[in-house]
Amino acid sequence: MWLWEEQGGLLGPFSFLLLLLLLLTRRPVSAGLFTGVLYLLLRFFSFEPLPSRRALQVLKPGGRVAAIAHRGGSHDAPENTLAAIRQAAKNGAAGVELDIEFSSDGVAVLMHDNTVDRTTDGTGRLCDLTFEQIRKLNPAANHRLRNDFPHEKVPTLREAVAESLNHNLTIFFDVKGHANKMRQTDRNVVTGLTHRPWSLSHTGDGKPRYDALWRHCLFVVMDILLDWSLHNLLWYLCGISAFLIQKDFVSPAYLRKWSAKGIHVVGWTVNSFNEKSYYESHLGASYITDSLLEDCRPHF
C-alpha cells in the first residue's frame, strides 16, 4: 500500500500539492492534471528501494548501531587518506565515510572539496589537475597531526576500497554530483540522501550566508522548498534506504517518521561522548563522527 502516508506512501504530499495548486490557480482540472502527471512521472522514473535486509547489512552490521568515521575520521588522521582508513579500523569504527572527486584526466580520487587548497600543500581545482599532479601533493600538510603522517598521498578510489575491505569496513561514499551515475551502474548499491536544514541560507556554524536581506529571505524560502521535497518526494524518487541528516534535527519522533517509510536515519556529525551515548542507548541509530577517540568540534 505505497499510496498511504502511514505506510510510507505519497498520499499526504500529493494531497498537499493538489490543494496548493487549487489555491494558486483556482482551476481544478489543471491542478488535478498537473498533480496526476507529476505522480505518474515520479512512479515511472523512481528507483526501486533495496530490500530492508540488504540495507541493514550496511547501515547496522551485525544488528548493532554503527559508528562511521567521517572522511575516515578527520580529527584522528588526515581526512580521506589510507592512513585515516587504517586509523578508523584501529579505533573501532564499523565503517568509513569517504568523498569522491575526479582529476582532469578522469581518475577517481578521495577529496572532499573541489579544490586541493584546504587539505594539501597545493592549490587549484581538481578538475584542472592531472592525477600525476595530485599524486605529488601532501594530503596531511594542513592536519593537526601532520608530523605523524609524513608520507601520505592522495589515494585513488581503487586504493581506498581495497584498504577498507582489508579492514572489513563498510564504505559510505559521498559522491556529490555523481550519485545518479553510481546508482545506474549498480542498482544493488545502498543509497541515501544527505541533508542539513537551512544549508542554502546559512553556513555550517549557523551564520547567514548573505548580508542582503532580500537574498537571505530568498534562500530561506529555497531551504523550505528543498526540505519539503526531500522529506516528501525525493526520497521516493531516489529509492533510498537511508537519510543522513545533521545531528541537531534527529529525535525519536523523526526516526519513527522515516521508519514508517522503511528508511533508516543516520546522524552527523556526532562528536561528543554524550551524543554518541544518546544515539547508541536511546535512539538506536547509527552515526557519523570525526573522531573515535575524543570529543572534537565538527568538521564542515
# chains A, B, ... in the order shown; residues from 1 in each chain; ligands from 1
>>> residues_around(residues="Phe172 in chain A", least_positions_apart="2", cutoff="10 Å", atoms="only C-alpha atoms", output="list in words")
Val58, Leu59, Ile68, Ala69, His70, Arg71, Gly72, Gly95, Val96, Glu97, Leu98, Asp99, Leu169, Thr170, Asp174, Val175, Val190, Thr191, Gly192 and Ile288 of chain A
>>> residues_around(residues="range 36-48 of chain A", least_positions_apart="4", cutoff="9 Å", atoms="only C-alpha atoms", output="PyMOL selection string")
chain A and resi 10+14+31-32+183+187+233-234+236-240
>>> select_by_dssp(residues="range 48-248 of chain A", states="strand (DSSP E or B)", output="number ranges by chain")
A: 67-70, 95-102, 108-110, 115, 125, 156, 170-174, 192-195, 202, 208, 242-246
>>> write_last_selection(atoms="N, CA and C atoms", output="mmCIF file, in the first residue's frame")
data_model
loop_
_atom_site.group_PDB
_atom_site.id
_atom_site.type_symbol
_atom_site.label_atom_id
_atom_site.label_comp_id
_atom_site.auth_asym_id
_atom_site.auth_seq_id
_atom_site.Cartn_x
_atom_site.Cartn_y
_atom_site.Cartn_z
ATOM 1 N N ALA A 67 29.238 3.101 14.296
ATOM 2 C CA ALA A 67 29.974 4.365 14.341
ATOM 3 C C ALA A 67 30.782 4.468 13.053
ATOM 4 N N ILE A 68 30.507 5.494 12.265
ATOM 5 C CA ILE A 68 31.118 5.645 10.942
ATOM 6 C C ILE A 68 32.084 6.830 10.973
ATOM 7 N N ALA A 69 33.312 6.605 10.560
ATOM 8 C CA ALA A 69 34.355 7.627 10.620
ATOM 9 C C ALA A 69 34.200 8.613 9.458
ATOM 10 N N HIS A 70 33.888 9.860 9.786
ATOM 11 C CA HIS A 70 33.660 10.916 8.805
ATOM 12 C C HIS A 70 34.945 11.266 8.076
ATOM 13 N N GLY A 95 32.570 1.547 9.928
ATOM 14 C CA GLY A 95 32.646 1.952 8.535
ATOM 15 C C GLY A 95 33.341 3.289 8.399
ATOM 16 N N VAL A 96 33.586 3.687 7.164
ATOM 17 C CA VAL A 96 34.206 4.974 6.870
ATOM 18 C C VAL A 96 33.364 5.706 5.823
ATOM 19 N N GLU A 97 33.230 7.002 6.010
ATOM 20 C CA GLU A 97 32.583 7.852 5.012
ATOM 21 C C GLU A 97 33.689 8.533 4.226
ATOM 22 N N LEU A 98 33.665 8.383 2.907
ATOM 23 C CA LEU A 98 34.724 8.900 2.039
ATOM 24 C C LEU A 98 34.119 9.734 0.913
ATOM 25 N N ASP A 99 34.889 10.713 0.439
ATOM 26 C CA ASP A 99 34.422 11.626 -0.605
ATOM 27 C C ASP A 99 35.141 11.354 -1.913
ATOM 28 N N ILE A 100 34.388 11.343 -2.996
ATOM 29 C CA ILE A 100 34.948 11.053 -4.316
ATOM 30 C C ILE A 100 34.909 12.290 -5.197
ATOM 31 N N GLU A 101 36.035 12.581 -5.824
ATOM 32 C CA GLU A 101 36.111 13.594 -6.876
ATOM 33 C C GLU A 101 36.969 13.031 -8.007
ATOM 34 N N PHE A 102 37.066 13.778 -9.116
ATOM 35 C CA PHE A 102 37.796 13.286 -10.283
ATOM 36 C C PHE A 102 38.856 14.283 -10.729
ATOM 37 N N ALA A 108 39.382 8.727 -10.425
ATOM 38 C CA ALA A 108 38.606 8.929 -9.200
ATOM 39 C C ALA A 108 39.547 8.917 -8.001
ATOM 40 N N VAL A 109 39.527 10.000 -7.228
ATOM 41 C CA VAL A 109 40.382 10.132 -6.046
ATOM 42 C C VAL A 109 39.529 10.518 -4.843
ATOM 43 N N LEU A 110 40.114 10.380 -3.652
ATOM 44 C CA LEU A 110 39.432 10.801 -2.434
ATOM 45 C C LEU A 110 39.743 12.270 -2.160
ATOM 46 N N THR A 115 38.628 21.830 -4.688
ATOM 47 C CA THR A 115 39.990 22.335 -4.804
ATOM 48 C C THR A 115 40.869 21.578 -3.814
ATOM 49 N N ARG A 125 41.990 23.846 -8.692
ATOM 50 C CA ARG A 125 40.807 22.999 -8.765
ATOM 51 C C ARG A 125 41.183 21.597 -9.225
ATOM 52 N N THR A 156 43.658 6.853 -4.686
ATOM 53 C CA THR A 156 42.632 6.619 -5.695
ATOM 54 C C THR A 156 41.458 5.899 -5.047
ATOM 55 N N THR A 170 32.709 -1.060 6.324
ATOM 56 C CA THR A 170 31.672 -0.643 5.381
ATOM 57 C C THR A 170 32.026 0.741 4.847
ATOM 58 N N ILE A 171 31.801 0.957 3.569
ATOM 59 C CA ILE A 171 32.181 2.229 2.949
ATOM 60 C C ILE A 171 30.929 3.036 2.628
ATOM 61 N N PHE A 172 30.899 4.268 3.116
ATOM 62 C CA PHE A 172 29.850 5.225 2.785
ATOM 63 C C PHE A 172 30.471 6.264 1.855
ATOM 64 N N PHE A 173 30.104 6.232 0.584
ATOM 65 C CA PHE A 173 30.672 7.166 -0.381
ATOM 66 C C PHE A 173 29.794 8.398 -0.516
ATOM 67 N N ASP A 174 30.399 9.575 -0.358
ATOM 68 C CA ASP A 174 29.730 10.834 -0.690
ATOM 69 C C ASP A 174 30.127 11.168 -2.122
ATOM 70 N N GLY A 192 21.476 6.724 -0.059
ATOM 71 C CA GLY A 192 20.827 7.608 0.901
ATOM 72 C C GLY A 192 20.941 9.047 0.455
ATOM 73 N N LEU A 193 20.132 9.889 1.051
ATOM 74 C CA LEU A 193 20.204 11.330 0.832
ATOM 75 C C LEU A 193 20.821 11.983 2.056
ATOM 76 N N THR A 194 21.613 13.030 1.823
ATOM 77 C CA THR A 194 22.231 13.785 2.912
ATOM 78 C C THR A 194 21.619 15.171 2.972
ATOM 79 N N HIS A 195 21.320 15.631 4.186
ATOM 80 C CA HIS A 195 20.627 16.915 4.320
ATOM 81 C C HIS A 195 21.066 17.640 5.588
ATOM 82 N N HIS A 202 22.323 29.426 5.361
ATOM 83 C CA HIS A 202 23.235 29.558 6.489
ATOM 84 C C HIS A 202 24.464 28.662 6.297
ATOM 85 N N PRO A 208 24.327 33.529 8.753
ATOM 86 C CA PRO A 208 23.707 33.770 7.441
ATOM 87 C C PRO A 208 24.767 33.860 6.339
ATOM 88 N N ALA A 242 18.502 5.096 3.291
ATOM 89 C CA ALA A 242 18.963 5.846 4.461
ATOM 90 C C ALA A 242 18.797 7.336 4.215
ATOM 91 N N PHE A 243 18.605 8.059 5.310
ATOM 92 C CA PHE A 243 18.553 9.517 5.267
ATOM 93 C C PHE A 243 19.567 10.034 6.279
ATOM 94 N N LEU A 244 20.606 10.696 5.773
ATOM 95 C CA LEU A 244 21.689 11.195 6.617
ATOM 96 C C LEU A 244 21.440 12.679 6.884
ATOM 97 N N ILE A 245 21.223 13.020 8.144
ATOM 98 C CA ILE A 245 20.847 14.384 8.479
ATOM 99 C C ILE A 245 21.696 14.915 9.625
ATOM 100 N N GLN A 246 21.881 16.230 9.634
ATOM 101 C CA GLN A 246 22.658 16.882 10.685
ATOM 102 C C GLN A 246 22.070 16.540 12.052
#
>>> closest_residue(among="A:Ala140, A:Leu218, A:Leu230, A:Ile85", to="Asn168 in chain A", atoms="only C-alpha atoms")
A:Ile85
>>> residues_around(residues="Glu132 in chain A", least_positions_apart="6", cutoff="10 Å", atoms="only C-alpha atoms", output="count of residues only")
3
>>> closest_residue(among="A:Leu165, A:Met111, A:Val265, A:Ala66", to="Ala94 in chain A", atoms="only C-alpha atoms")
A:Ala66
>>> select_by_dssp(residues="range 34-155 of chain A", states="alpha helix (DSSP H)", output="PyMOL selection string")
chain A and resi 34-45+52-59+82-90+131-135
>>> write_last_selection(atoms="C-alpha atoms", output="mmCIF file, in the first residue's frame")
data_model
loop_
_atom_site.group_PDB
_atom_site.id
_atom_site.type_symbol
_atom_site.label_atom_id
_atom_site.label_comp_id
_atom_site.auth_asym_id
_atom_site.auth_seq_id
_atom_site.Cartn_x
_atom_site.Cartn_y
_atom_site.Cartn_z
ATOM 1 C CA PHE A 34 -0.641 18.563 -13.236
ATOM 2 C CA THR A 35 -0.658 16.607 -9.968
ATOM 3 C CA GLY A 36 -1.575 13.388 -11.771
ATOM 4 C CA VAL A 37 1.148 13.794 -14.398
ATOM 5 C CA LEU A 38 3.738 14.562 -11.722
ATOM 6 C CA TYR A 39 2.700 11.491 -9.779
ATOM 7 C CA LEU A 40 2.953 9.220 -12.854
ATOM 8 C CA LEU A 41 6.386 10.633 -13.710
ATOM 9 C CA LEU A 42 7.559 10.011 -10.164
ATOM 10 C CA ARG A 43 6.306 6.436 -10.261
ATOM 11 C CA PHE A 44 7.804 5.770 -13.680
ATOM 12 C CA PHE A 45 11.284 7.254 -13.148
ATOM 13 C CA SER A 52 15.394 -3.895 4.145
ATOM 14 C CA ARG A 53 17.601 -6.869 4.995
ATOM 15 C CA ARG A 54 20.221 -5.747 2.479
ATOM 16 C CA ALA A 55 20.119 -2.161 3.787
ATOM 17 C CA LEU A 56 20.575 -3.338 7.393
ATOM 18 C CA GLN A 57 23.714 -5.251 6.417
ATOM 19 C CA VAL A 58 25.292 -1.913 5.529
ATOM 20 C CA LEU A 59 23.646 0.510 7.945
ATOM 21 C CA LEU A 82 44.640 5.469 3.579
ATOM 22 C CA ALA A 83 46.090 6.371 6.969
ATOM 23 C CA ALA A 84 42.660 7.607 8.061
ATOM 24 C CA ILE A 85 41.053 4.339 6.975
ATOM 25 C CA ARG A 86 43.626 2.301 8.895
ATOM 26 C CA GLN A 87 43.256 4.540 11.956
ATOM 27 C CA ALA A 88 39.456 4.266 11.849
ATOM 28 C CA ALA A 89 39.672 0.471 11.843
ATOM 29 C CA LYS A 90 42.161 0.546 14.721
ATOM 30 C CA PHE A 131 46.275 12.620 -11.372
ATOM 31 C CA GLU A 132 50.070 12.802 -11.636
ATOM 32 C CA GLN A 133 49.978 16.373 -10.292
ATOM 33 C CA ILE A 134 47.555 15.460 -7.487
ATOM 34 C CA ARG A 135 49.684 12.470 -6.502
#
>>> residues_around(residues="Val270 in chain A", least_positions_apart="2", cutoff="9 Å", atoms="only C-alpha atoms", output="number ranges by chain")
A: 246-247, 267-268, 272-273, 275-276, 279, 287-291, 298
>>> write_last_selection(atoms="C-alpha atoms", output="PDB file, in the first residue's frame")
ATOM      1  CA  GLN A 246      22.658  16.882  10.685  1.00  0.00           C
ATOM      2  CA  LYS A 247      22.526  15.581  14.260  1.00  0.00           C
ATOM      3  CA  GLY A 267      23.039  11.371  12.177  1.00  0.00           C
ATOM      4  CA  TRP A 268      26.104  13.511  11.503  1.00  0.00           C
ATOM      5  CA  SER A 272      30.850  14.166  21.775  1.00  0.00           C
ATOM      6  CA  PHE A 273      30.718  11.209  24.156  1.00  0.00           C
ATOM      7  CA  GLU A 275      25.856  12.491  21.925  1.00  0.00           C
ATOM      8  CA  LYS A 276      27.230   9.094  20.973  1.00  0.00           C
ATOM      9  CA  TYR A 279      22.461   7.631  19.742  1.00  0.00           C
ATOM     10  CA  TYR A 287      26.011   7.945  13.380  1.00  0.00           C
ATOM     11  CA  ILE A 288      28.922   9.585  11.606  1.00  0.00           C
ATOM     12  CA  THR A 289      31.735  11.064  13.687  1.00  0.00           C
ATOM     13  CA  ASP A 290      35.000  12.940  13.154  1.00  0.00           C
ATOM     14  CA  SER A 291      36.730  11.102  15.986  1.00  0.00           C
ATOM     15  CA  PRO A 298      32.590  19.324  13.787  1.00  0.00           C
TER      16      PRO A 298
END
>>> residues_around(residues="Pro13 in chain A", least_positions_apart="4", cutoff="10 Å", atoms="only C-alpha atoms", output="number ranges by chain")
A: 5, 9, 17-19, 228-229, 231-233
>>> closest_residue(among="A:His167, A:Arg64, A:His75, A:Arg297", to="Glu280 in chain A", atoms="only C-alpha atoms")
A:Arg64
>>> residues_around(residues="range 143-146 of chain A", least_positions_apart="2", cutoff="9 Å", atoms="only C-alpha atoms", output="PyMOL selection string")
chain A and resi 74-79+119-120+139-141+148-150
>>> write_last_selection(atoms="all heavy atoms", output="mmCIF file, in the first residue's frame")
data_model
loop_
_atom_site.group_PDB
_atom_site.id
_atom_site.type_symbol
_atom_site.label_atom_id
_atom_site.label_comp_id
_atom_site.auth_asym_id
_atom_site.auth_seq_id
_atom_site.Cartn_x
_atom_site.Cartn_y
_atom_site.Cartn_z
ATOM 1 N N SER A 74 38.404 12.504 10.359
ATOM 2 C CA SER A 74 39.265 13.635 10.012
ATOM 3 C C SER A 74 39.919 14.318 11.201
ATOM 4 O O SER A 74 40.819 15.137 11.023
ATOM 5 C CB SER A 74 38.455 14.667 9.210
ATOM 6 O OG SER A 74 37.296 15.061 9.914
ATOM 7 N N HIS A 75 39.474 14.004 12.423
ATOM 8 C CA HIS A 75 40.146 14.547 13.603
ATOM 9 C C HIS A 75 41.326 13.674 14.014
ATOM 10 O O HIS A 75 42.336 14.181 14.526
ATOM 11 C CB HIS A 75 39.150 14.650 14.767
ATOM 12 C CG HIS A 75 39.723 15.247 16.012
ATOM 13 N ND1 HIS A 75 39.945 16.604 16.157
ATOM 14 C CD2 HIS A 75 40.121 14.673 17.188
ATOM 15 C CE1 HIS A 75 40.444 16.850 17.358
ATOM 16 N NE2 HIS A 75 40.572 15.692 18.005
ATOM 17 N N ASP A 76 41.215 12.378 13.765
ATOM 18 C CA ASP A 76 42.223 11.425 14.227
ATOM 19 C C ASP A 76 43.354 11.212 13.232
ATOM 20 O O ASP A 76 44.423 10.711 13.605
ATOM 21 C CB ASP A 76 41.564 10.078 14.534
ATOM 22 C CG ASP A 76 40.440 10.209 15.555
ATOM 23 O OD1 ASP A 76 40.504 11.115 16.402
ATOM 24 O OD2 ASP A 76 39.487 9.398 15.488
ATOM 25 N N ALA A 77 43.117 11.557 11.965
ATOM 26 C CA ALA A 77 44.121 11.371 10.915
ATOM 27 C C ALA A 77 43.748 12.270 9.737
ATOM 28 O O ALA A 77 42.613 12.742 9.645
ATOM 29 C CB ALA A 77 44.187 9.907 10.478
ATOM 30 N N PRO A 78 44.678 12.542 8.819
ATOM 31 C CA PRO A 78 44.357 13.374 7.654
ATOM 32 C C PRO A 78 43.174 12.793 6.876
ATOM 33 O O PRO A 78 43.162 11.603 6.555
ATOM 34 C CB PRO A 78 45.643 13.334 6.823
ATOM 35 C CG PRO A 78 46.727 13.050 7.817
ATOM 36 C CD PRO A 78 46.099 12.138 8.834
ATOM 37 N N GLU A 79 42.196 13.631 6.597
ATOM 38 C CA GLU A 79 40.953 13.156 6.009
ATOM 39 C C GLU A 79 41.143 12.556 4.623
ATOM 40 O O GLU A 79 42.010 12.964 3.844
ATOM 41 C CB GLU A 79 39.928 14.287 5.926
ATOM 42 C CG GLU A 79 40.278 15.395 4.944
ATOM 43 C CD GLU A 79 39.203 16.474 4.915
ATOM 44 O OE1 GLU A 79 38.931 17.081 5.966
ATOM 45 O OE2 GLU A 79 38.645 16.695 3.821
ATOM 46 N N THR A 119 43.262 21.066 2.222
ATOM 47 C CA THR A 119 43.837 19.881 2.862
ATOM 48 C C THR A 119 45.266 19.562 2.447
ATOM 49 O O THR A 119 45.929 18.767 3.116
ATOM 50 C CB THR A 119 42.964 18.647 2.565
ATOM 51 O OG1 THR A 119 42.830 18.503 1.145
ATOM 52 C CG2 THR A 119 41.586 18.796 3.197
ATOM 53 N N THR A 120 45.757 20.134 1.349
ATOM 54 C CA THR A 120 47.085 19.768 0.857
ATOM 55 C C THR A 120 48.014 20.983 0.819
ATOM 56 O O THR A 120 47.615 22.105 1.140
ATOM 57 C CB THR A 120 47.011 19.160 -0.556
ATOM 58 O OG1 THR A 120 46.818 20.214 -1.523
ATOM 59 C CG2 THR A 120 45.862 18.171 -0.682
ATOM 60 N N PRO A 139 48.475 15.291 1.406
ATOM 61 C CA PRO A 139 47.142 15.493 1.973
ATOM 62 C C PRO A 139 47.140 15.673 3.497
ATOM 63 O O PRO A 139 46.090 15.938 4.083
ATOM 64 C CB PRO A 139 46.402 14.221 1.583
ATOM 65 C CG PRO A 139 47.476 13.187 1.499
ATOM 66 C CD PRO A 139 48.687 13.905 0.975
ATOM 67 N N ALA A 140 48.317 15.532 4.130
ATOM 68 C CA ALA A 140 48.429 15.727 5.579
ATOM 69 C C ALA A 140 49.014 17.093 5.922
ATOM 70 O O ALA A 140 49.176 17.416 7.101
ATOM 71 C CB ALA A 140 49.298 14.625 6.187
ATOM 72 N N ALA A 141 49.293 17.897 4.907
ATOM 73 C CA ALA A 141 50.037 19.138 5.118
ATOM 74 C C ALA A 141 49.395 20.085 6.115
ATOM 75 O O ALA A 141 50.100 20.762 6.879
ATOM 76 C CB ALA A 141 50.234 19.844 3.774
ATOM 77 N N ASP A 148 52.806 13.167 12.221
ATOM 78 C CA ASP A 148 52.651 11.726 12.435
ATOM 79 C C ASP A 148 52.362 10.970 11.140
ATOM 80 O O ASP A 148 52.372 9.735 11.130
ATOM 81 C CB ASP A 148 51.510 11.456 13.421
ATOM 82 C CG ASP A 148 51.795 12.003 14.808
ATOM 83 O OD1 ASP A 148 52.986 12.205 15.129
ATOM 84 O OD2 ASP A 148 50.837 12.246 15.570
ATOM 85 N N PHE A 149 52.110 11.724 10.060
ATOM 86 C CA PHE A 149 51.751 11.099 8.780
ATOM 87 C C PHE A 149 52.567 11.748 7.655
ATOM 88 O O PHE A 149 52.017 12.440 6.800
ATOM 89 C CB PHE A 149 50.261 11.252 8.516
ATOM 90 C CG PHE A 149 49.388 10.689 9.603
ATOM 91 C CD1 PHE A 149 48.903 11.499 10.624
ATOM 92 C CD2 PHE A 149 49.069 9.341 9.620
ATOM 93 C CE1 PHE A 149 48.102 10.984 11.620
ATOM 94 C CE2 PHE A 149 48.263 8.810 10.621
ATOM 95 C CZ PHE A 149 47.786 9.631 11.631
ATOM 96 N N PRO A 150 53.880 11.503 7.640
ATOM 97 C CA PRO A 150 54.755 12.240 6.713
ATOM 98 C C PRO A 150 54.736 11.765 5.263
ATOM 99 O O PRO A 150 55.172 12.490 4.376
ATOM 100 C CB PRO A 150 56.143 12.031 7.327
ATOM 101 C CG PRO A 150 56.042 10.703 8.023
ATOM 102 C CD PRO A 150 54.634 10.623 8.540
#
